[in-house]
Amino acid sequence: MENQQKVKNLIDLRVQAKLGGGEKRIASQHAKGKFSARERIDMLLDEGSFEELDMFVTHRCNNFGLEKEKYLGDGVITGHGTIDGRTVFLYAQDFTVFGGSLSETMALKICKVMDMAMKMGCPVIGVNDSGGARIQEGVTSLAGYAEIFQRNIMASGVIPQISAIYGPCAGGAVYSPALTDFVLMTEDNSYMFVTGPKVVKSVTGEDISTEDLGGADVHAGKSGVSHFKVENEEEGMLLIRKLLTYLPQNNLEEPPLVETHDPIDRLEDSLNTIVPDNPNLPYDMKNVIHTIVDNGEFLEVHRNYARNIIVGFARFNGISTGIIANQPNFLAGVLDCDASRKAARFVRFCDAFNIPILTLVDVPGFLPGSGQEYAGIIIHGAKLMFAYGEATVPKVTVTLRKSYGGAHDVMSCKQLRGDFNYAWPTAEIAVMGAAGAIEVLEGRAINAITDPEEKAKYIAEKVAEYNEKFANPYQAASYGYIDDVIEPRNTRFRIIRAFQALQTKKVVNPLRKHCNIPL
């Protein structure tokens, strides 16, 4: 009888733990359009796969009467489960318990699953919905944050780390997501900032709303803190599941191979005419990407940020591949500070997790002007150059049209250890465009001509001469900087054959403690 009572007590405790802060607070979450922590876990994982850890943990704080209010689990649900049969470790903060605020014991729970994820070589996913540090606990709460940050740092480049922001994430809490590989935010209900609107107003006098200070639109489009913006939590969980299909479990594995029936020799005649005859007219690089990848499927990262460059994941003959591409449809595809940082970080992620890199080039150069110079375009451009030069994964580059000046070097050129560098017949590889080059090369001669018609004719002749020499890929090919000039409609086949040839690639960087990338 006594044993049966003990079993009943266990069952009752589990029921109590699963209610978190109680049914009334769960209903309050639902009224805000938010799910409970357990509902979020169920949405994310394969059905019935979740194994919970530390359900009976409670806080240890005796300050400000907190000892009178204790909840099993202490505001975070931790454990492991599977996504498409692959193991992941995860934690989901429970806003119904002390507003999801971080205590010493909550931090210990989170650190435990992060340590286990590292031991097992599995991705770790954090669902953030927290009011910040638990003020009653003082410095132990701050120490808990730092323990989590240290684990984020040690796990970087070892296992994939994904953060979902499904509510408030403020103060010290923002730095753990910022240290992870991918951050996603929901519209309306999520926000991130170091200091809230009230503090901002008291210190600077600026009157700003929560949404305008740190909402999903701000971080997905302006700051670049968030890689994805989703409409709701269900969409976010589906996105995480999809993202993981492109990633290996850890840095010692190869990226996943998915069976495909898309022929490798599929020809796309539309590519032969996609680049306009007028070099100043735009076209949408995404149309090229969707045309050449397996089944037209492309998962874009940072879609709303620095739209002059595109980054994301696709597959070629079933193999996960990272794509970096200039976007002529936005700012002519020019490289600026934000685009350089965005692409550099993506290149480094792919390199850390053995994901091959395809670079599609159509870049007129770096964005000129005092604004960019003052913002550090030199150092941001150097980040992208450093990332490509450091990367040891297979790298294939295809130049579609413009590849001018320093931007040519930065976009995975042959000298930055590009493995196969191809060009379309429409490629223009030169120090600069014809008009600017003639101004420099023929400036004196042009200024010496007084007759306007004669001057215009002379400039036109010199521009035509320059274009004939440089507005094509053949000079670069004559030096071996371009491995082959390919027919656009055959691009998919040539890319796949190149990556097949690179499967056994071995490159080792010099022995060092770590590099010193220009941050």
# chains A, B, ... in the order shown; residues from 1 in each chain; ligands from 1

$ residues_around --residues "Leu299 (chain A)" --least-positions-apart "6" --cutoff "9 Å" --atoms "only C-alpha atoms" --output "PyMOL selection string"
chain A and resi 242-243+311-314

$ write_last_selection --atoms "N, CA and C atoms" --output "PDB file, in the first residue's frame"
ATOM      1  N   LYS A 242      13.033  22.600 -40.483  1.00  0.00           N
ATOM      2  CA  LYS A 242      13.545  22.647 -41.849  1.00  0.00           C
ATOM      3  C   LYS A 242      15.028  23.027 -41.864  1.00  0.00           C
ATOM      4  N   LEU A 243      15.402  24.008 -41.049  1.00  0.00           N
ATOM      5  CA  LEU A 243      16.796  24.445 -40.976  1.00  0.00           C
ATOM      6  C   LEU A 243      17.714  23.286 -40.604  1.00  0.00           C
ATOM      7  N   VAL A 311      22.106  35.082 -48.719  1.00  0.00           N
ATOM      8  CA  VAL A 311      22.754  33.893 -48.149  1.00  0.00           C
ATOM      9  C   VAL A 311      21.667  32.894 -47.768  1.00  0.00           C
ATOM     10  N   GLY A 312      22.002  31.625 -47.809  1.00  0.00           N
ATOM     11  CA  GLY A 312      21.025  30.609 -47.426  1.00  0.00           C
ATOM     12  C   GLY A 312      21.467  29.211 -47.823  1.00  0.00           C
ATOM     13  N   PHE A 313      20.590  28.256 -47.572  1.00  0.00           N
ATOM     14  CA  PHE A 313      20.905  26.846 -47.796  1.00  0.00           C
ATOM     15  C   PHE A 313      20.061  26.255 -48.923  1.00  0.00           C
ATOM     16  N   ALA A 314      20.692  25.372 -49.695  1.00  0.00           N
ATOM     17  CA  ALA A 314      19.995  24.621 -50.738  1.00  0.00           C
ATOM     18  C   ALA A 314      20.711  23.273 -50.858  1.00  0.00           C
TER      19      ALA A 314
END

$ residues_around --residues "region 151-166 of chain A" --least-positions-apart "2" --cutoff "7 Å" --atoms "only C-alpha atoms" --output "ChimeraX atom specification"
/A:114,118,121-129,147-149,176-177,179-186,189-190,249-251,352-353

$ write_last_selection --atoms "C-alpha atoms" --output "PDB file, in the first residue's frame"
ATOM      1  CA  MET A 114      24.137  22.352 -23.076  1.00  0.00           C
ATOM      2  CA  MET A 118      28.329  18.904 -26.345  1.00  0.00           C
ATOM      3  CA  GLY A 121      27.502  16.034 -30.398  1.00  0.00           C
ATOM      4  CA  CYS A 122      23.912  17.199 -30.918  1.00  0.00           C
ATOM      5  CA  PRO A 123      22.312  20.566 -31.741  1.00  0.00           C
ATOM      6  CA  VAL A 124      20.955  22.625 -28.851  1.00  0.00           C
ATOM      7  CA  ILE A 125      17.795  24.735 -29.193  1.00  0.00           C
ATOM      8  CA  GLY A 126      16.741  27.438 -26.751  1.00  0.00           C
ATOM      9  CA  VAL A 127      13.207  28.864 -26.604  1.00  0.00           C
ATOM     10  CA  ASN A 128      13.433  32.255 -24.912  1.00  0.00           C
ATOM     11  CA  ASP A 129      10.471  33.852 -23.127  1.00  0.00           C
ATOM     12  CA  GLU A 147      27.735  30.271 -17.076  1.00  0.00           C
ATOM     13  CA  ILE A 148      25.340  29.969 -20.031  1.00  0.00           C
ATOM     14  CA  PHE A 149      27.362  32.450 -22.122  1.00  0.00           C
ATOM     15  CA  SER A 176      23.016  34.067 -25.177  1.00  0.00           C
ATOM     16  CA  PRO A 177      20.922  34.213 -28.386  1.00  0.00           C
ATOM     17  CA  LEU A 179      26.170  34.019 -29.322  1.00  0.00           C
ATOM     18  CA  THR A 180      24.209  31.277 -31.090  1.00  0.00           C
ATOM     19  CA  ASP A 181      24.248  30.463 -34.804  1.00  0.00           C
ATOM     20  CA  PHE A 182      20.662  31.350 -35.701  1.00  0.00           C
ATOM     21  CA  VAL A 183      18.058  33.559 -34.039  1.00  0.00           C
ATOM     22  CA  LEU A 184      14.395  33.703 -35.011  1.00  0.00           C
ATOM     23  CA  MET A 185      11.733  36.088 -33.736  1.00  0.00           C
ATOM     24  CA  THR A 186       7.958  36.182 -34.016  1.00  0.00           C
ATOM     25  CA  ASN A 189       5.074  39.046 -29.412  1.00  0.00           C
ATOM     26  CA  SER A 190       8.884  38.965 -29.306  1.00  0.00           C
ATOM     27  CA  GLN A 249      24.714  17.156 -35.914  1.00  0.00           C
ATOM     28  CA  ASN A 250      28.176  18.517 -35.124  1.00  0.00           C
ATOM     29  CA  ASN A 251      31.438  19.734 -36.646  1.00  0.00           C
ATOM     30  CA  ALA A 352      32.702  25.325 -39.268  1.00  0.00           C
ATOM     31  CA  PHE A 353      30.128  22.647 -40.117  1.00  0.00           C
TER      32      PHE A 353
END

$ residues_around --residues "region 423-427 of chain A" --least-positions-apart "3" --cutoff "8 Å" --atoms "only C-alpha atoms" --output "list in words"
Val275, Val398, Thr399, Leu400, Arg401, Lys402, Ser403, Ala471, Asn472, Pro473, Ile482, Asp484, Val485, Ile486, Glu487 and Pro488 of chain A

$ write_last_selection --atoms "C-alpha atoms" --output "compact mmCIF listing (two decimals), in the first residue's frame"
# COMPACT_ATOMS: atom_id res chain seq x y z
CA VAL A 275 21.25 38.66 -67.73
CA VAL A 398 30.37 31.38 -60.69
CA THR A 399 30.65 34.95 -62.02
CA LEU A 400 27.49 35.89 -63.89
CA ARG A 401 28.16 39.50 -64.81
CA LYS A 402 30.15 42.21 -63.00
CA SER A 403 33.14 41.46 -60.81
CA ALA A 471 33.84 43.21 -70.42
CA ASN A 472 34.27 39.48 -70.88
CA PRO A 473 35.73 36.60 -68.87
CA ILE A 482 38.78 31.48 -64.26
CA ASP A 484 36.27 27.64 -67.49
CA VAL A 485 33.70 29.79 -69.24
CA ILE A 486 30.43 27.87 -69.09
CA GLU A 487 27.10 28.04 -70.86
CA PRO A 488 24.57 29.50 -68.40

$ select_by_dssp --residues "region 46-104 of chain A" --states "strand (DSSP E or B)" --output "ChimeraX atom specification"
/A:51-53,76-83,86-93,102

$ closest_residue --among "A:Asn509, A:Thr82, A:Asn295, A:Gln475" --to "Ala391 (chain A)" --atoms "only C-alpha atoms"
A:Asn509

$ closest_residue --among "A:Leu66, A:Ile240, A:Ile459, A:Val203" --to "Val440 (chain A)" --atoms "only C-alpha atoms"
A:Ile459

$ closest_residue --among "A:Val88, A:Glu465, A:Val293, A:Leu44" --to "Leu239 (chain A)" --atoms "only C-alpha atoms"
A:Leu44
